[in-house]
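Visitor: File entry26.csv below, CSV, C-alpha atoms:
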chain,number,residue,atom,x,y,z
L,1,MET,CA,84.2,72.1,108.6
L,2,SER,CA,84.4,75.1,111.0
L,3,CYS,CA,86.9,77.9,110.9
L,4,LYS,CA,88.9,78.3,114.1
L,5,ILE,CA,89.1,82.0,115.0
L,6,PRO,CA,92.8,83.0,114.7
L,7,GLU,CA,94.8,85.5,116.7
L,8,PHE,CA,97.1,87.9,115.0
L,9,GLN,CA,100.7,87.0,115.8
L,10,SER,CA,102.8,88.2,112.8
L,11,VAL,CA,102.6,88.6,109.1
L,12,THR,CA,104.6,87.6,106.0
L,13,VAL,CA,104.7,90.2,103.2
L,14,PHE,CA,105.3,88.9,99.7
L,15,ILE,CA,106.4,91.4,97.1
L,16,LEU,CA,106.1,90.3,93.4
L,17,THR,CA,108.8,91.7,91.1
L,18,ASN,CA,110.0,91.4,87.5
L,19,ASP,CA,111.7,94.4,86.1
L,20,GLU,CA,111.4,96.8,89.0
L,21,THR,CA,114.5,98.3,90.6
L,22,THR,CA,114.0,101.7,92.0
L,23,LEU,CA,110.3,101.0,92.7
L,24,LEU,CA,111.1,97.7,94.4
L,25,ARG,CA,113.7,99.4,96.6
L,26,LYS,CA,111.2,102.2,97.5
L,27,THR,CA,108.5,99.6,98.3
L,28,VAL,CA,110.8,97.8,100.8
L,29,GLU,CA,112.0,101.1,102.3
L,30,GLU,CA,108.5,102.3,102.8
L,31,ILE,CA,107.5,99.0,104.5
L,32,LYS,CA,110.6,99.2,106.8
L,33,LYS,CA,109.6,102.7,107.8
L,34,SER,CA,106.0,101.8,108.6
L,35,ASP,CA,104.5,101.5,112.1
L,36,GLY,CA,103.7,97.9,111.4
L,37,PHE,CA,107.2,96.8,110.6
L,38,SER,CA,107.8,95.2,114.0
L,39,ASP,CA,104.8,92.9,113.4
L,40,ILE,CA,106.3,91.7,110.1
L,41,SER,CA,108.2,88.4,110.3
L,42,LYS,CA,109.4,88.2,106.8
L,43,ILE,CA,109.5,90.4,103.6
L,44,VAL,CA,109.8,87.9,100.8
L,45,LEU,CA,110.9,89.3,97.4
L,46,VAL,CA,109.3,87.1,94.8
L,47,ALA,CA,111.3,87.3,91.5
L,48,LYS,CA,110.0,86.0,88.2
L,49,ASN,CA,113.3,84.4,87.3
L,50,ASN,CA,117.0,84.8,88.2
L,51,SER,CA,117.8,87.0,85.2
L,52,CYS,CA,115.2,89.7,85.7
L,53,ASN,CA,116.1,93.2,87.0
L,54,GLY,CA,114.0,92.5,90.1
L,55,TYR,CA,116.1,89.5,91.1
L,56,VAL,CA,119.3,91.5,90.8
L,57,GLU,CA,117.8,94.3,92.9
L,58,ALA,CA,116.5,91.9,95.5
L,59,GLU,CA,119.9,90.4,96.0
L,60,ARG,CA,121.2,94.0,96.6
L,61,LEU,CA,118.4,94.7,99.1
L,62,ILE,CA,119.2,91.5,101.0
L,63,ASP,CA,122.9,92.3,101.2
L,64,GLU,CA,122.1,95.7,102.6
L,65,ASP,CA,119.4,94.5,105.0
L,66,THR,CA,120.2,94.7,108.7
L,67,SER,CA,116.8,93.5,110.0
L,68,GLY,CA,117.2,89.9,108.9
L,69,LYS,CA,113.7,90.0,107.5
L,70,VAL,CA,114.3,90.4,103.8
L,71,ASN,CA,114.3,87.1,101.8
L,72,LEU,CA,114.3,86.1,98.2
L,73,TYR,CA,112.1,83.5,96.5
L,74,LEU,CA,112.3,82.5,92.9
L,75,GLN,CA,108.8,81.6,91.6
L,76,LYS,CA,108.4,78.2,90.2
L,77,SER,CA,105.6,79.0,87.9
L,78,ASP,CA,105.6,81.0,84.6
L,79,THR,CA,102.5,83.1,85.3
L,80,VAL,CA,101.6,85.5,88.1
L,81,GLU,CA,98.4,83.7,88.7
L,82,LEU,CA,100.1,80.4,89.4
L,83,CYS,CA,102.9,82.2,91.4
L,84,ILE,CA,100.2,83.6,93.7
L,85,ALA,CA,99.0,80.1,94.5
L,86,GLU,CA,102.5,79.1,95.5
L,87,LEU,CA,103.0,81.7,98.2
L,88,PRO,CA,100.5,80.8,101.0
L,89,LEU,CA,102.2,77.4,101.2
L,90,LEU,CA,105.4,79.2,102.4
L,91,VAL,CA,103.6,81.0,105.3
L,92,THR,CA,104.2,80.1,108.9
L,93,ASP,CA,102.8,83.3,110.4
L,94,SER,CA,99.2,84.0,111.3
L,95,HIS,CA,98.6,86.3,108.3
L,96,PHE,CA,100.1,87.1,104.9
L,97,ILE,CA,100.0,89.9,102.4
L,98,ILE,CA,100.7,89.7,98.7
L,99,MET,CA,101.5,92.9,96.8
L,100,ALA,CA,103.3,94.1,93.7
L,101,GLY,CA,106.7,95.8,93.8
L,102,ASP,CA,105.9,98.6,91.5
L,103,MET,CA,104.4,101.1,94.1
L,104,GLU,CA,101.0,100.9,92.5
L,105,MET,CA,99.9,99.3,95.7
L,106,ASN,CA,100.7,101.7,98.4
L,107,PRO,CA,103.0,100.1,101.1
L,108,GLY,CA,101.6,102.7,103.5
L,109,GLU,CA,98.4,100.6,103.9
L,110,ILE,CA,100.3,97.8,105.6
L,111,SER,CA,100.2,99.5,109.0
L,112,ALA,CA,96.4,99.9,108.6
L,113,PHE,CA,96.1,96.2,107.6
L,114,ILE,CA,98.0,95.1,110.7
L,115,LYS,CA,96.0,97.4,113.0
L,116,MET,CA,92.7,96.1,111.7
L,117,ALA,CA,93.9,92.4,111.7
L,118,LYS,CA,94.7,92.8,115.4
L,119,GLU,CA,91.2,93.9,116.0
L,120,SER,CA,89.6,91.4,113.6
L,121,PRO,CA,92.1,88.6,113.2
L,122,GLU,CA,89.5,86.4,111.4
L,123,ALA,CA,88.8,88.9,108.7
L,124,VAL,CA,90.1,89.3,105.1
L,125,ILE,CA,90.9,93.0,104.8
L,126,CYS,CA,91.4,94.5,101.3
L,127,ALA,CA,92.8,97.8,100.1
L,128,ALA,CA,89.9,98.9,97.7
L,129,LYS,CA,90.5,101.3,94.9
L,130,TRP,CA,86.9,102.2,94.3
L,131,MET,CA,85.7,102.9,97.8
L,132,LYS,CA,85.1,106.4,99.3
L,133,GLY,CA,88.3,108.0,100.4
L,134,SER,CA,90.6,106.2,97.9
L,135,VAL,CA,92.8,108.1,95.5
L,136,VAL,CA,93.3,106.6,92.0
L,137,GLU,CA,95.7,108.2,89.5
L,138,GLY,CA,96.7,107.0,86.0
L,139,TYR,CA,94.0,104.3,85.7
L,140,GLY,CA,92.8,104.3,82.1
L,141,ILE,CA,89.0,104.9,81.6
L,142,ILE,CA,88.5,101.6,79.8
L,143,HIS,CA,90.3,99.8,82.6
L,144,GLU,CA,88.3,101.6,85.2
L,145,ILE,CA,85.0,100.8,83.6
L,146,GLY,CA,85.9,97.2,83.3
L,147,SER,CA,87.1,97.0,86.9
L,148,ARG,CA,84.1,98.7,88.3
L,149,THR,CA,81.7,96.6,86.2
L,150,MET,CA,83.4,93.3,87.3
L,151,ASN,CA,83.4,94.3,90.9
L,152,THR,CA,79.7,95.4,90.8
L,153,PHE,CA,78.9,92.0,89.3
L,154,ILE,CA,80.6,90.2,92.2
L,155,SER,CA,78.8,92.5,94.7
L,156,LEU,CA,75.4,91.5,93.3
L,157,LEU,CA,76.3,87.9,92.8
L,158,PHE,CA,77.3,87.4,96.5
L,159,GLY,CA,74.9,89.9,97.9
L,160,LYS,CA,77.8,91.8,99.6
L,161,ARG,CA,78.5,95.5,99.4
L,162,VAL,CA,82.1,95.3,98.2
L,163,LYS,CA,84.0,97.7,96.0
L,164,ASP,CA,87.2,95.9,94.9
L,165,PRO,CA,87.1,92.1,95.5
L,166,PHE,CA,89.5,91.4,92.7
L,167,SER,CA,92.3,93.3,94.3
L,168,ILE,CA,95.0,90.9,95.6
L,169,TYR,CA,96.3,93.6,98.0
L,170,GLN,CA,94.8,92.1,101.2
L,171,ILE,CA,95.9,90.9,104.6
L,172,TYR,CA,94.7,87.3,104.8
L,173,PRO,CA,94.5,84.9,107.8
L,174,LEU,CA,96.4,81.7,107.2
L,175,SER,CA,93.7,79.8,109.1
L,176,VAL,CA,91.1,81.0,106.7
L,177,TYR,CA,93.3,80.0,103.7
L,178,LYS,CA,93.6,76.5,105.2
L,179,ALA,CA,89.9,76.2,106.0
L,180,LEU,CA,88.8,77.2,102.6
L,181,ASN,CA,90.6,74.2,101.1
L,182,PHE,CA,91.9,75.7,97.9
L,183,SER,CA,92.8,72.9,95.6
L,184,ASN,CA,93.3,74.2,92.1
L,185,PRO,CA,96.3,76.6,91.6
L,186,TYR,CA,95.1,77.6,88.2
L,187,VAL,CA,92.0,79.4,89.6
L,188,PHE,CA,93.3,80.3,93.1
L,189,ALA,CA,94.0,84.0,92.1
L,190,TYR,CA,90.3,84.2,91.0
L,191,GLU,CA,88.9,82.3,94.1
L,192,TYR,CA,91.1,84.3,96.5
L,193,THR,CA,88.3,86.6,97.7
L,194,VAL,CA,85.1,85.2,96.4
L,195,LYS,CA,85.5,81.8,98.1
L,196,ALA,CA,85.8,83.8,101.4
L,197,LEU,CA,82.7,85.8,100.6
L,198,HIS,CA,80.7,82.7,99.7
L,199,ASN,CA,81.7,81.0,103.0
L,200,GLY,CA,80.7,83.9,105.2
L,201,ILE,CA,84.2,85.0,106.1
L,202,GLU,CA,84.3,88.5,107.4
L,203,TYR,CA,85.5,90.8,104.7
L,204,LYS,CA,86.5,94.4,105.2
L,205,GLU,CA,87.8,97.1,102.9
L,206,ILE,CA,90.0,100.2,103.5
L,207,PRO,CA,90.7,103.2,101.3
L,208,THR,CA,93.9,103.1,99.4
L,209,THR,CA,96.1,105.2,97.1
L,210,TYR,CA,96.7,103.7,93.7
L,211,LYS,CA,99.2,105.4,91.3
L,212,LYS,CA,100.3,104.1,88.0
L,213,ARG,CA,103.8,102.8,88.0
L,214,SER,CA,106.5,105.3,87.0
L,215,GLU,CA,109.1,102.7,86.1
L,216,GLY,CA,109.0,100.0,83.4
L,217,LYS,CA,105.8,99.0,81.8
L,218,SER,CA,102.8,96.9,82.7
L,219,HIS,CA,102.8,93.3,81.5
L,220,VAL,CA,99.0,93.2,81.3
L,221,ASP,CA,97.7,94.2,77.9
L,222,ALA,CA,94.0,94.6,76.8
L,223,LYS,CA,93.6,91.0,75.7
L,224,LYS,CA,94.9,89.7,79.0
L,225,MET,CA,92.7,92.0,80.9
L,226,VAL,CA,89.6,90.7,79.1
L,227,ARG,CA,90.7,87.0,79.6
L,228,THR,CA,91.3,87.7,83.3
L,229,ALA,CA,87.9,89.4,83.7
L,230,ILE,CA,86.1,86.5,82.0
L,231,ALA,CA,88.0,83.9,84.1
L,232,PHE,CA,87.2,85.8,87.3
L,233,CYS,CA,83.5,86.0,86.5
L,234,LEU,CA,83.1,82.4,85.5
L,235,THR,CA,85.0,81.2,88.5
L,236,SER,CA,82.9,83.4,90.7
L,237,LEU,CA,79.7,81.9,89.3
L,238,LYS,CA,81.0,78.4,90.0
L,239,ILE,CA,81.9,79.3,93.5
L,240,ARG,CA,78.5,81.1,94.2
L,241,PHE,CA,76.6,77.9,93.4
L,242,SER,CA,79.0,75.5,95.1
L,243,GLU,CA,78.6,73.9,98.5
L,244,ARG,CA,80.2,75.9,101.3
L,245,VAL,CA,83.2,74.3,103.0
L,246,ILE,CA,83.0,76.3,106.2
L,247,ASN,CA,80.2,76.4,108.7
L,248,LYS,CA,80.3,79.8,110.3
L,249,LYS,CA,78.7,80.0,113.7
Could I get this structure in the form of structure tokens?

Guide:
Amino acid sequence: MSCKIPEFQSVTVFILTNDETTLLRKTVEEIKKSDGFSDISKIVLVAKNNSCNGYVEAERLIDEDTSGKVNLYLQKSDTVELCIAELPLLVTDSHFIIMAGDMEMNPGEISAFIKMAKESPEAVICAAKWMKGSVVEGYGIIHEIGSRTMNTFISLLFGKRVKDPFSIYQIYPLSVYKALNFSNPYVFAYEYTVKALHNGIEYKEIPTTYKKRSEGKSHVDAKKMVRTAIAFCLTSLKIRFSERVINKK
């Protein structure tokens, strides 16, 4: 199958939240102040459940919103990985962005995402922590070594000079998502970038600012990090030696 080259029209921004309150509010406020806000069709606050702090804060933000763009979505799945697979199915815009609501992913990059997507609407564009020009604060040394090692493995496996392919903070064309024919929600979060790389989709990275969250605590412990890294690498190996689903011309 061939991938029809899309045009940039508008973007949906999904913000994942669990226990964030102040940081979720700040994330939304930063997006609203950004140069790219006019190109955003919807800001969807994705709450883990209806009893978490993020859900309560999301309701407040919607009540206060005057733009008509802020919405609330209650995830159907128990895990973040499965939740991520739910979100593209909700998109009616030409592009979408998935990010966390804890300010670790800098909302300031959204304007750069949109600008580049207008120039290269067929490209997957990622905010990469480990590329030149990025600023990373509060990342543990073990976590950094693991992340860099995993990303280097992916770079060598697919023969691409990429720095942070496991980052979910990307602007993604809906047409590419549809053409890649993702079918298994349990591995979608791991296939997200590598399936695009394998099928010759243009992939670009931009510098980013990553700062450890200042509110609440991370729900990813060392064991989960190891399990995630193994799952990502195994899924990547499977994708690398699978048949391509897109014929790029």

Visitor: Could you please give me, as a PDB file with C-alpha atoms, in the frame of the given file, the residues of protein, DNA or RNA lying at most 7 Å from (103.0, 85.3, 108.4) in the coordinate frame of the file, considering all atoms listed in the file?

Guide:
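Once everything was written out, this is result_3.pdb:
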ATOM      1  CA  SER L  10     102.800  88.200 112.800  1.00  0.00           C
ATOM      2  CA  VAL L  11     102.600  88.600 109.100  1.00  0.00           C
ATOM      3  CA  THR L  12     104.600  87.600 106.000  1.00  0.00           C
ATOM      4  CA  SER L  41     108.200  88.400 110.300  1.00  0.00           C
ATOM      5  CA  VAL L  91     103.600  81.000 105.300  1.00  0.00           C
ATOM      6  CA  THR L  92     104.200  80.100 108.900  1.00  0.00           C
ATOM      7  CA  ASP L  93     102.800  83.300 110.400  1.00  0.00           C
ATOM      8  CA  SER L  94      99.200  84.000 111.300  1.00  0.00           C
ATOM      9  CA  HIS L  95      98.600  86.300 108.300  1.00  0.00           C
ATOM     10  CA  PHE L  96     100.100  87.100 104.900  1.00  0.00           C
TER      11      PHE L  96
END

Visitor: Contacts of region 176-187 of chain L at 9 Å or less, counting all atoms listed in the file, minus same-chain residues fewer than 2 places along, as JSON, numbers by chain?

Guide: {"L": [1, 2, 3, 4, 5, 6, 81, 82, 83, 84, 85, 86, 88, 122, 123, 124, 172, 173, 174, 189, 190, 191, 192, 195, 196, 199, 201, 231, 232, 235, 244, 245, 246]}

Visitor: Any chance you could export the current selection's C-alpha atoms as a short mmCIF file (atom, residue, chain, number, x, y, z; two decimals), in the coordinates of the input?

Guide:
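Dumped everything to out.cif:
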data_model
loop_
_atom_site.label_atom_id
_atom_site.label_comp_id
_atom_site.auth_asym_id
_atom_site.auth_seq_id
_atom_site.Cartn_x
_atom_site.Cartn_y
_atom_site.Cartn_z
CA MET L 1 84.20 72.10 108.60
CA SER L 2 84.40 75.10 111.00
CA CYS L 3 86.90 77.90 110.90
CA LYS L 4 88.90 78.30 114.10
CA ILE L 5 89.10 82.00 115.00
CA PRO L 6 92.80 83.00 114.70
CA GLU L 81 98.40 83.70 88.70
CA LEU L 82 100.10 80.40 89.40
CA CYS L 83 102.90 82.20 91.40
CA ILE L 84 100.20 83.60 93.70
CA ALA L 85 99.00 80.10 94.50
CA GLU L 86 102.50 79.10 95.50
CA PRO L 88 100.50 80.80 101.00
CA GLU L 122 89.50 86.40 111.40
CA ALA L 123 88.80 88.90 108.70
CA VAL L 124 90.10 89.30 105.10
CA TYR L 172 94.70 87.30 104.80
CA PRO L 173 94.50 84.90 107.80
CA LEU L 174 96.40 81.70 107.20
CA ALA L 189 94.00 84.00 92.10
CA TYR L 190 90.30 84.20 91.00
CA GLU L 191 88.90 82.30 94.10
CA TYR L 192 91.10 84.30 96.50
CA LYS L 195 85.50 81.80 98.10
CA ALA L 196 85.80 83.80 101.40
CA ASN L 199 81.70 81.00 103.00
CA ILE L 201 84.20 85.00 106.10
CA ALA L 231 88.00 83.90 84.10
CA PHE L 232 87.20 85.80 87.30
CA THR L 235 85.00 81.20 88.50
CA ARG L 244 80.20 75.90 101.30
CA VAL L 245 83.20 74.30 103.00
CA ILE L 246 83.00 76.30 106.20
#

Visitor: I'd like to know which of L:Lys211, L:His198, L:Lys69, L:Lys204 is closest to Ser242 (chain L), using all atoms listed in the file.

Guide: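 Among the listed residues, L:His198 lies closest to Ser242 (chain L).
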
Visitor: Which residue gives the smallest distance to Lys26 (chain L) among L:Gln75, L:Ser214, L:Ser120, L:Ser175, with all atoms listed in the file counted?

Guide: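 That would be L:Ser214, the residue with the smallest distance to Lys26 (chain L).
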
Visitor: Please, what distance in Å, to one decimal, runs between CA of Asn151 (chain L) and CA of Arg227 (chain L)?

Guide: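 Calculated distance between CA of Asn151 (chain L) and CA of Arg227 (chain L) is 15.3 Å.
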
Visitor: Lys48 (chain L): which residues within 9 Å, counting only C-alpha atoms, same-chain residues fewer than 3 positions away excluded, as a list in words?

Guide: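 These residues fall inside the cut-off: Leu16, Thr17, Asn18, Asp19, Ser51, Cys52, Gly54, Tyr55, Tyr73, Leu74, Gln75, Lys76, Ser77, Asp78, Thr79, Val80 and Cys83 of chain L.
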